[in-house]
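Data first, discussion second: the structure below is written as structure tokens.
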2 protein chains.
Amino acid sequence: MKPNEKTIFLGPLTLFDYLLQMEAFHGSRSPGMLIGGFMVDLALRKLGPTPHLNMVTETVVCLPDAVQLLTPCTMGNGFLQVLDWGKFALTAYDRVNLAGARVGLNLEVLQGYPVIGSWFFRAEPAPPKPPFEDFCAEVLAAGQALFRFRSVQLRKALKPSERVPTGRCSRCGEFYPLRLGAVCPSCQGKAYFE
Amino acid sequence: MKPNEKTIFLGPLTLFDYLLQMEAFHGSRSPGMLIGGFMVDLALRKLGPTPHLNMVTETVVCLPDAVQLLTPCTMGNGFLQVLDWGKFALTAYDRVNLAGARVGLNLEVLQGYPVIGSWFFRAEPAPPKPPFEDFCAEVLAAGQALFRFRSVQLRKALKPSERVPTGRCSRCGEFYPLRLGAVCPSCQGKAYFE
């Protein structure tokens, strides 16, 4: 794969730089981040340039980090929405005209790429983890055939735009969005701590 | 603030570097990111060193990006959990012994810091946005008094550790976690696109 690392671009980064940033940000080289980078790139190219880019991922795993490395959309700036659906798919869309490009895996071709297939279908019992280079080789060999793309039209922009009235929780004294109930979510019993 | 920018550390970064990375990653200098950086730093120092760091933010706004810049915990690697509670608070915890340090704002002192107070309490109608330097000046003047800290014990680690069985959705043909229902969330009517 080495000869390609500095000539293949994923969004604004060379594959070489993406691999470095993946380790620095995500903490490891992972198949999900590698494939996710190509998915983000394909979605961006299919959508075309827009100053109003938003992204949606349909899983919390890996894909949010691929988006955050390759686009201006982050969790904390609101331009990335993360749905906890466990689906390995993502959409790039224009939040003004709501035109979107959704990319997922093309499951029909995975039989030809056993390393990717074993990862995606979660073979049980889990086989020994193949070297990361084996994923890279299959991903580069598969190219765009690895993905399913469709144009979509969003029902609405997923980033909330209205101001949310907040107020003091009568139980804990902290501020929270009043629409969430008479007391804050933590005091409603959802607290994750004692 | 300039004299302090290279001597104050937020987690592993100088304030100077944090401000640069804030603009590059988050897209702008924001009060939430500035204050969030100090909150992350305080939580990390109160928790102490651990190889098992996990983080929780209680809002989707700003704080997830402060965590992702200053810790190894990201959305996509699973060590950051984001609760959509609209509460400006976060917790650093050890996922093995479940000891945590939760940090929020100390609302009692905000009357002494009108720029921060106006931002946090969302004065209506919204006043002209003060220069970012005014936020910095108040945050540095307030110091640790700006925050409320408590030690907490988590009920359980928030990162799921078990493998989730997945299978093909009988409607769209894509893979999803079978525990979510007879068809995938999108086919259950939650799709965000036409």
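Ligands are numbered from 1 in the order shown, chains are lettered A, B, ... in the order of the structure tokens, and residues start at 1 in each chain.
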
Handout entry: 12 Å contact set for region 9-25 of chain A, only C-alpha atoms, chain neighbours under 2 positions out, as a PyMOL selection string
Key = (chain A and resi 1-7+27-46+48-49+62-72+132-133+136+140) or (chain B and resi 25+65+67-77+79)

Fill in the blank from the handout: From the list A:Gly173, A:Gly104, A:Gly112, A:Gly86, the nearest residue to chain B using only C-alpha atoms is A:Gly86

Practice task
Go through chain B and collect every residue that DSSP, computed from the backbone, puts in strand (DSSP E or B); the answer should be as a PyMOL selection string.
Solution key: chain B and resi 9-10+13-14+53-57+80-82+89-94+99-105+147-154+166-168+175-177+193

With N, CA, C and O atoms kept, could you save the residues just selected as a short mmCIF file (atom, residue, chain, number, x, y, z; two decimals), in the first residue's frame?
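Ended up saving to result-v5.cif:
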```
data_model
loop_
_atom_site.label_atom_id
_atom_site.label_comp_id
_atom_site.auth_asym_id
_atom_site.auth_seq_id
_atom_site.Cartn_x
_atom_site.Cartn_y
_atom_site.Cartn_z
N PHE B 9 -1.66 25.39 31.49
CA PHE B 9 -1.92 24.13 30.79
C PHE B 9 -3.36 23.68 31.02
O PHE B 9 -3.87 23.75 32.15
N LEU B 10 -3.98 23.22 29.95
CA LEU B 10 -5.27 22.53 30.04
C LEU B 10 -4.98 21.10 29.62
O LEU B 10 -4.74 20.83 28.44
N LEU B 13 -2.18 20.35 26.88
CA LEU B 13 -1.92 21.48 25.98
C LEU B 13 -1.75 22.78 26.75
O LEU B 13 -2.42 23.01 27.77
N THR B 14 -0.89 23.67 26.24
CA THR B 14 -0.91 25.04 26.75
C THR B 14 -2.21 25.69 26.30
O THR B 14 -2.83 25.28 25.30
N LEU B 53 -9.03 5.89 31.50
CA LEU B 53 -9.85 7.10 31.51
C LEU B 53 -11.05 6.98 30.58
O LEU B 53 -10.90 6.64 29.41
N ASN B 54 -12.21 7.26 31.10
CA ASN B 54 -13.41 7.49 30.30
C ASN B 54 -13.98 8.85 30.66
O ASN B 54 -13.71 9.36 31.75
N MET B 55 -14.74 9.44 29.76
CA MET B 55 -15.35 10.74 30.01
C MET B 55 -16.84 10.69 29.67
O MET B 55 -17.25 9.95 28.78
N VAL B 56 -17.61 11.49 30.37
CA VAL B 56 -19.02 11.68 30.06
C VAL B 56 -19.28 13.18 29.98
O VAL B 56 -18.83 13.91 30.87
N THR B 57 -19.97 13.63 28.96
CA THR B 57 -20.48 15.00 28.97
C THR B 57 -22.00 14.93 29.05
O THR B 57 -22.62 14.01 28.51
N LEU B 80 -15.62 8.29 25.16
CA LEU B 80 -16.44 9.47 25.48
C LEU B 80 -17.90 9.11 25.29
O LEU B 80 -18.29 8.63 24.22
N GLN B 81 -18.70 9.31 26.32
CA GLN B 81 -20.14 9.15 26.20
C GLN B 81 -20.76 10.53 26.26
O GLN B 81 -20.39 11.34 27.10
N VAL B 82 -21.71 10.79 25.37
CA VAL B 82 -22.36 12.10 25.32
C VAL B 82 -23.84 11.93 25.64
O VAL B 82 -24.56 11.23 24.92
N ALA B 89 -22.02 20.11 32.21
CA ALA B 89 -21.24 19.40 33.22
C ALA B 89 -20.59 18.19 32.56
O ALA B 89 -21.06 17.71 31.53
N LEU B 90 -19.52 17.72 33.16
CA LEU B 90 -18.84 16.55 32.64
C LEU B 90 -18.18 15.77 33.77
O LEU B 90 -17.95 16.30 34.86
N THR B 91 -17.90 14.51 33.49
CA THR B 91 -17.27 13.63 34.47
C THR B 91 -16.11 12.89 33.83
O THR B 91 -16.25 12.37 32.72
N ALA B 92 -14.99 12.87 34.52
CA ALA B 92 -13.88 11.98 34.17
C ALA B 92 -13.94 10.81 35.13
O ALA B 92 -14.13 11.00 36.34
N TYR B 93 -13.83 9.59 34.61
CA TYR B 93 -13.84 8.45 35.52
C TYR B 93 -12.94 7.34 35.05
O TYR B 93 -12.52 7.29 33.89
N ASP B 94 -12.62 6.47 36.00
CA ASP B 94 -11.80 5.29 35.75
C ASP B 94 -12.76 4.13 35.48
O ASP B 94 -13.55 3.76 36.35
N ALA B 99 -14.41 5.12 39.90
CA ALA B 99 -14.30 6.38 40.64
C ALA B 99 -14.29 7.52 39.64
O ALA B 99 -13.60 7.46 38.61
N GLY B 100 -15.06 8.58 39.93
CA GLY B 100 -15.15 9.68 38.99
C GLY B 100 -15.06 11.04 39.64
O GLY B 100 -15.18 11.18 40.86
N ALA B 101 -14.80 12.05 38.79
CA ALA B 101 -14.74 13.44 39.23
C ALA B 101 -15.65 14.23 38.31
O ALA B 101 -15.42 14.28 37.11
N ARG B 102 -16.71 14.82 38.88
CA ARG B 102 -17.70 15.56 38.07
C ARG B 102 -17.50 17.06 38.29
O ARG B 102 -17.35 17.51 39.43
N VAL B 103 -17.51 17.80 37.20
CA VAL B 103 -17.31 19.25 37.26
C VAL B 103 -18.44 19.95 36.52
O VAL B 103 -18.80 19.57 35.40
N GLY B 104 -19.01 20.96 37.16
CA GLY B 104 -20.01 21.83 36.53
C GLY B 104 -19.68 23.26 36.88
O GLY B 104 -18.66 23.54 37.51
N LEU B 105 -20.54 24.18 36.46
CA LEU B 105 -20.32 25.59 36.80
C LEU B 105 -20.84 25.87 38.21
O LEU B 105 -21.84 25.30 38.64
N PHE B 147 -16.03 26.86 39.25
CA PHE B 147 -16.51 25.49 39.06
C PHE B 147 -17.00 24.84 40.35
O PHE B 147 -16.55 25.18 41.44
N ARG B 148 -17.91 23.91 40.18
CA ARG B 148 -18.30 23.03 41.29
C ARG B 148 -17.78 21.64 40.98
O ARG B 148 -17.97 21.12 39.89
N PHE B 149 -17.12 21.07 41.96
CA PHE B 149 -16.54 19.75 41.77
C PHE B 149 -17.11 18.79 42.80
O PHE B 149 -17.32 19.16 43.95
N ARG B 150 -17.39 17.56 42.40
CA ARG B 150 -17.67 16.52 43.40
C ARG B 150 -17.12 15.18 42.93
O ARG B 150 -17.08 14.88 41.73
N SER B 151 -16.70 14.40 43.90
CA SER B 151 -16.30 13.02 43.62
C SER B 151 -17.57 12.19 43.47
O SER B 151 -18.51 12.36 44.23
N VAL B 152 -17.58 11.34 42.45
CA VAL B 152 -18.75 10.48 42.25
C VAL B 152 -18.29 9.04 42.05
O VAL B 152 -17.14 8.79 41.70
N GLN B 153 -19.20 8.14 42.28
CA GLN B 153 -18.95 6.73 42.01
C GLN B 153 -19.93 6.30 40.93
O GLN B 153 -21.15 6.45 41.10
N LEU B 154 -19.42 5.83 39.80
CA LEU B 154 -20.33 5.45 38.74
C LEU B 154 -21.04 4.14 39.05
O LEU B 154 -20.49 3.27 39.73
N THR B 166 -25.63 -8.96 15.30
CA THR B 166 -26.22 -8.19 14.21
C THR B 166 -26.76 -9.14 13.15
O THR B 166 -26.40 -10.31 13.10
N GLY B 167 -27.63 -8.62 12.33
CA GLY B 167 -28.19 -9.42 11.25
C GLY B 167 -28.80 -8.52 10.20
O GLY B 167 -28.85 -7.30 10.35
N ARG B 168 -29.28 -9.15 9.15
CA ARG B 168 -29.77 -8.41 7.99
C ARG B 168 -31.21 -7.96 8.23
O ARG B 168 -32.05 -8.74 8.66
N PHE B 175 -27.35 -4.39 7.58
CA PHE B 175 -27.14 -5.00 8.88
C PHE B 175 -27.44 -4.01 10.00
O PHE B 175 -27.18 -2.80 9.89
N TYR B 176 -27.96 -4.52 11.12
CA TYR B 176 -28.28 -3.69 12.28
C TYR B 176 -28.26 -4.61 13.50
O TYR B 176 -28.29 -5.84 13.38
N PRO B 177 -28.21 -4.04 14.72
CA PRO B 177 -28.23 -4.85 15.95
C PRO B 177 -29.63 -5.44 16.14
O PRO B 177 -30.61 -4.70 16.24
N PHE B 193 -34.35 10.61 6.13
CA PHE B 193 -34.39 11.00 4.72
C PHE B 193 -35.60 10.35 4.06
O PHE B 193 -36.17 9.37 4.58
#
```

Exercise for the section: State, in Å with one decimal place, the distance from CA of Pro160 (chain A) to CA of Ser186 (chain A). Expected result: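 Computed distance, CA of Pro160 (chain A) to CA of Ser186 (chain A), equals 22.1 Å.
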